[in-house]
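Colleague: Quick one: structure below, then a few questions.
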Amino acid sequence: MRVRVTMVGTGYVGLVSGACFAELGHEVICVDKDESKIAMLRQGKMPIYEPGLDELVQRNVQAGRISFSTDVTASVKDRDAIFIAVGTPTENGTGRADLKYVYAAAAEIAQATTGFTVIVTKSTVPVGTNSRVFDIAQQNVSPDARIAVASNPEFLREGAAIKDFLEPDRVVVGVEDADAAEMMERIYAPLLMHGKVPLFKTGIQTAELIKYAANAFLAVKISFIDEIANLCEAVGANVDDVARGLGFDKRIGQGFLNTGPGWGGSCFPKDTRALIATASDAGVRSLVVSSAVEANNTRKMDMVSKIVGAAGGDVKNKKIAVLGVTFKGQTDDMREGTSLVVLPALQAMGAQVVAYDPSHPHEAASLLPGVTMVTSPKDAAQDADILVILTDWMIFKAYDFKAIASVMASPVLVDLRNMLNANEAKRSGFTHYVSLGREQR
Ligand code: UDX
């Protein structure tokens with residue numbers, strides 16, 4: 001049954017979720033105070049890069065299931081469920097999530113709702129936020145309206161967001177009001193139809209914590225395999241095979257065991273910091289998660305040493321070509337990417353850095369001052385002393401590395417995503433190939 005849904009905030013999660021709810025057949029309004037964003041969306045232009053999103057939005061606009069607005073008050077009247085998907089940046093210096101946008105949205109929504117409305121928090125918020133949202137809503141709601149709250153964390157990954165939303169491993173809903181629980185079931189009914197996806201209903205605090213625990217666990221898993229990769233290099237083992245061998249154990253699983261140059265992005269760094277802050281506020285030690293954060297910071301600097309080592313111990317006046325500056329492949333997002341640590345460190349040692357990224361991120365100029373961004377991998381490699389693969393763009397696998405190596409001053413490849421192997425690198429003409437957690441040749 002069709003539900004009238006409003007999504008407050010058209011960032012990554014808000015826009016993808018809104019478009020996917022429309023795809024499920026609901027009537028969706030996406031609202032954002034950023035007029036330029038809404039203007040773009042009305043013209044059919046996406047403010048973020050996500051494969052398949054523009055087609056999805058276009059299809060649902062044409063079907064009359066999704067519309068865009070800057071007017072919060074008008075967009076939350078006569079609706080069944082209002083999702084809050086506004087940003088929760090890290091508060092300066094504290095590691096805590098800054099919730100001012102969430103609370104402001106809760107008050108504004110409550111003032112304008114009519115009838116029975118569920119306010120659902122989709123933003124990743126610390127334990128206790130939903131109960132505060134409920135209190136704020138209660139203080140602001142008009143006497144003839146009724147409000148209930150639900151926590152509905154989102155687990156989508158950038159670059160695979162639509163598939164992750166429409167084919168999730170589970171839907172987590174923290175809800176204590178029976179009518180709100182029924183509304184959440186109606187919203188997700190089209191996804192749950194075939195019985196493959198569990199709708200896991202829990203208490204509100206529990207749902208809030210599941211999201212942080214999930215992201216922290218995945219971050220720990222990656223840092224763990226990164227550490228094992230270092231050990232593999234030292235003892236002559238192969239991390240790709242160690243990871244596969246581990247992953248066959250269903251208790252461990254194959255996912256998130258790809259060693260890399262350290263995890264980044266808009267979620268893992270922010271959410272691990274917030275989990276540590278929440279634990280500290282509650283008087284609980286978070287030794288495991290804190291260690292992963294520390295290991296990840298060290299990991300990024302270790303990548304600098306690897307590159308310097310491949311250059312023979314000195315990068316001064318060397319030209320270093322970098323493939324990929326986003327925090328991972330298939331996205332134009334540079335937030336907390338390893339490039340933001342590694343490239344400035346190389347520049348500080350006197351290297352000249354030239355980079356190519358398939359998404360042409362517009363933030364590169366401001367976030368990586370002094371780095372020359374070029375428009376093809378070959379342009380980056382021209383006369384370079386070292387080529388570094390930094391992100392796991394799938395398209396890199398299809399590159400003609402022979403042609404790339406042939407234009408370099410010295411064909412050295414530092415592959416920080418294990419995209420190639422030593423034989424492939426050799427066949428492409430690289431004289432020296434460095435990767436992660438494998439025998440170095
Ligand atoms: C993550 C969570 O996966 C998602 O469930 C949550 O909703 C938001 O945070 P995202 O930040 O889009 O999603 O990226 P993800 O694919 O999880 O990668 C995070 C970081 O870990 C990236 O820097 C990536 O390169 C790194 N990573 C991931 C690895 O180094 N190895 C892996 O095996 C997986």
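So you can find residues: chains in the structure tokens are A, B, ... in the order shown, residues in each start at 1, and ligands are numbered from 1 in order.
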Pick out the residues no farther than 7 Å from ligand 1, counting only C-alpha atoms and all ligand atoms, and list them as a count of residues only.

Modeller: 28

Colleague: Please provide as a list in words all residues within 12 Å of Val288 (chain A), with the sequence filter that same-chain residues fewer than 3 positions apart are discarded (counting only C-alpha atoms).

Modeller: Ala213, Ala216, Phe217, Ala219, Val220, Lys221, Ser223, Phe224, Thr272, Leu275, Ile276, Ala279, Val284, Arg285, Ser291, Ala292, Val293, Glu294 and Ala295 of chain A

Colleague: Write out the residues from the selection above, keeping C-alpha atoms, as a tab-separated table (two decimals), in the first residue's frame.

Modeller:
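Saved the output as again.tsv:
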chain	number	residue	atom	x	y	z
A	213	ALA	CA	28.57	-1.37	15.62
A	216	ALA	CA	33.02	-0.15	13.41
A	217	PHE	CA	33.12	-3.91	12.91
A	219	ALA	CA	36.50	-0.98	9.86
A	220	VAL	CA	38.09	-3.37	12.35
A	221	LYS	CA	37.85	-6.19	9.81
A	223	SER	CA	42.37	-2.98	9.66
A	224	PHE	CA	42.80	-6.59	10.70
A	272	THR	CA	34.30	5.01	14.64
A	275	LEU	CA	31.37	5.23	18.77
A	276	ILE	CA	34.50	5.89	20.80
A	279	ALA	CA	31.57	4.71	24.81
A	284	VAL	CA	33.04	2.13	28.68
A	285	ARG	CA	36.46	1.48	27.14
A	291	SER	CA	43.10	0.38	17.99
A	292	ALA	CA	41.57	0.11	14.52
A	293	VAL	CA	41.47	3.90	14.23
A	294	GLU	CA	45.10	4.13	15.28
A	295	ALA	CA	46.11	1.28	12.97

Colleague: My list of candidates is A:Val322, A:Asp241, A:Leu436, A:Gly174. Which is closest to Glu227 (chain A) when distances are computed with only C-alpha atoms?

Modeller: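 Checking each candidate against Glu227 (chain A), we get A:Leu436 as the closest.
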
Colleague: Do you know which residues are at most 6 Å from Ala22 (chain A) counting only C-alpha atoms, after dropping those on the same chain fewer than 5 positions away, and could you put them as a PDB file with C-alpha atoms, in the first residue's frame?

Modeller:
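around_30.pdb, freshly written:
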ATOM      1  CA  GLU A  27       4.708   8.943  -3.080  1.00  0.00           C
ATOM      2  CA  VAL A  28       7.895  10.813  -2.159  1.00  0.00           C
ATOM      3  CA  ARG A  65       6.100   9.385  -7.636  1.00  0.00           C
TER       4      ARG A  65
END

Colleague: Using backbone DSSP assignments, extract all strand (DSSP E or B) residues from region 152-331 of chain A; output them as a list of chain:residue names.

Modeller: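 Secondary structure check on region 152-331 of chain A, strand (DSSP E or B): A:Val171, A:Val172, A:Val173, A:Gly174, A:Val175, A:Leu199, A:Phe200, A:Lys201, A:Thr202, A:Lys319, A:Ile320, A:Ala321, A:Val322, A:Leu323.
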
Colleague: Write the selection just made, keeping C-alpha atoms, as an mmCIF file, in the first residue's frame?

Modeller:
data_model
loop_
_atom_site.group_PDB
_atom_site.id
_atom_site.type_symbol
_atom_site.label_atom_id
_atom_site.label_comp_id
_atom_site.auth_asym_id
_atom_site.auth_seq_id
_atom_site.Cartn_x
_atom_site.Cartn_y
_atom_site.Cartn_z
ATOM 1 C CA VAL A 171 16.206 -3.696 7.337
ATOM 2 C CA VAL A 172 16.701 -2.523 10.917
ATOM 3 C CA VAL A 173 13.868 -0.605 12.567
ATOM 4 C CA GLY A 174 13.970 0.624 16.137
ATOM 5 C CA VAL A 175 10.395 1.341 17.090
ATOM 6 C CA LEU A 199 12.785 -6.664 8.874
ATOM 7 C CA PHE A 200 14.502 -6.673 12.228
ATOM 8 C CA LYS A 201 12.483 -4.732 14.784
ATOM 9 C CA THR A 202 14.280 -3.733 17.967
ATOM 10 C CA LYS A 319 57.380 12.682 -10.700
ATOM 11 C CA ILE A 320 54.763 10.462 -9.083
ATOM 12 C CA ALA A 321 51.663 9.567 -11.080
ATOM 13 C CA VAL A 322 48.604 8.587 -9.047
ATOM 14 C CA LEU A 323 45.559 6.696 -10.291
#

Colleague: Could you state the separation of CA of Gly312 (chain A) and CA of Ala234 (chain A) in Å, given to one decimal place?

Modeller: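 Distance reported for this atom pair: 19.0 Å.
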
Colleague: Using only C-alpha atoms, can you tell me which of A:Asp32, A:Met40, A:Gly14, A:Pro143 comes closest to Lys122 (chain A)?

Modeller: A:Gly14

Colleague: Using only C-alpha atoms, find the one residue out of A:Gly247, A:Gly437, A:Pro411, A:Gly128 that sits nearest to Ala425 (chain A).

Modeller: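 Of A:Gly247, A:Gly437, A:Pro411, A:Gly128, the one nearest Ala425 (chain A), counting only C-alpha atoms, is A:Pro411.
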
Colleague: Out of region 88-317 of chain A, which residues get alpha helix (DSSP H) from DSSP, as a ChimeraX atom specification?

Modeller: /A:100-112,129-140,161-166,178-192,204-235,239-247,268-281,287-310

Colleague: Please provide the set of residues having any atom within 12 Å of Pro89 (chain A), restricted to only C-alpha atoms, with same-chain residues fewer than 6 positions apart removed, written as JSON, numbers by chain.

Modeller: {"A": [95, 96, 97, 98, 99, 100, 101, 102, 123, 124, 125, 126, 266, 267, 269, 270, 271, 273, 274, 335]}

Colleague: Include N, CA and C atoms and write out the residues we just selected as a CSV table (one decimal), in the first residue's frame.

Modeller:
chain,number,residue,atom,x,y,z
A,95,GLY,N,35.1,14.6,18.4
A,95,GLY,CA,34.8,13.3,17.8
A,95,GLY,C,33.3,12.9,17.8
A,96,ARG,N,32.5,13.7,18.5
A,96,ARG,CA,31.1,13.4,18.6
A,96,ARG,C,30.4,13.9,17.3
A,97,ALA,N,29.2,13.2,17.0
A,97,ALA,CA,28.4,13.7,15.9
A,97,ALA,C,27.7,15.0,16.3
A,98,ASP,N,27.7,15.9,15.4
A,98,ASP,CA,27.0,17.2,15.7
A,98,ASP,C,25.6,17.0,15.2
A,99,LEU,N,24.6,17.2,16.1
A,99,LEU,CA,23.2,16.8,15.9
A,99,LEU,C,22.4,18.0,15.6
A,100,LYS,N,23.0,19.2,15.5
A,100,LYS,CA,22.1,20.4,15.4
A,100,LYS,C,21.1,20.3,14.2
A,101,TYR,N,21.6,19.8,13.1
A,101,TYR,CA,20.6,19.7,11.9
A,101,TYR,C,19.5,18.7,12.2
A,102,VAL,N,19.8,17.6,12.9
A,102,VAL,CA,18.8,16.6,13.2
A,102,VAL,C,17.7,17.3,14.1
A,123,SER,N,19.5,9.4,9.3
A,123,SER,CA,20.9,9.8,9.5
A,123,SER,C,21.5,8.9,10.6
A,124,THR,N,22.8,8.7,10.5
A,124,THR,CA,23.5,7.9,11.5
A,124,THR,C,23.6,8.7,12.8
A,125,VAL,N,22.9,8.3,13.8
A,125,VAL,CA,22.9,9.2,15.0
A,125,VAL,C,23.3,8.4,16.3
A,126,PRO,N,24.0,9.0,17.2
A,126,PRO,CA,24.4,8.3,18.4
A,126,PRO,C,23.2,7.8,19.3
A,266,SER,N,32.9,8.8,4.1
A,266,SER,CA,32.1,9.7,4.9
A,266,SER,C,31.6,9.0,6.2
A,267,CYS,N,31.8,7.7,6.2
A,267,CYS,CA,31.2,6.9,7.3
A,267,CYS,C,32.1,6.3,8.3
A,269,PRO,N,35.4,6.7,9.2
A,269,PRO,CA,36.1,7.5,10.1
A,269,PRO,C,35.2,8.3,11.1
A,270,LYS,N,34.1,8.8,10.6
A,270,LYS,CA,33.2,9.6,11.5
A,270,LYS,C,32.5,8.6,12.5
A,271,ASP,N,32.1,7.5,12.0
A,271,ASP,CA,31.3,6.6,12.9
A,271,ASP,C,32.2,5.9,14.0
A,273,ARG,N,34.9,7.3,15.3
A,273,ARG,CA,35.1,8.4,16.2
A,273,ARG,C,33.9,8.6,17.1
A,274,ALA,N,32.7,8.5,16.6
A,274,ALA,CA,31.5,8.8,17.4
A,274,ALA,C,31.3,7.6,18.3
A,335,ARG,N,36.1,12.4,0.7
A,335,ARG,CA,36.2,12.6,2.2
A,335,ARG,C,37.0,11.6,2.9
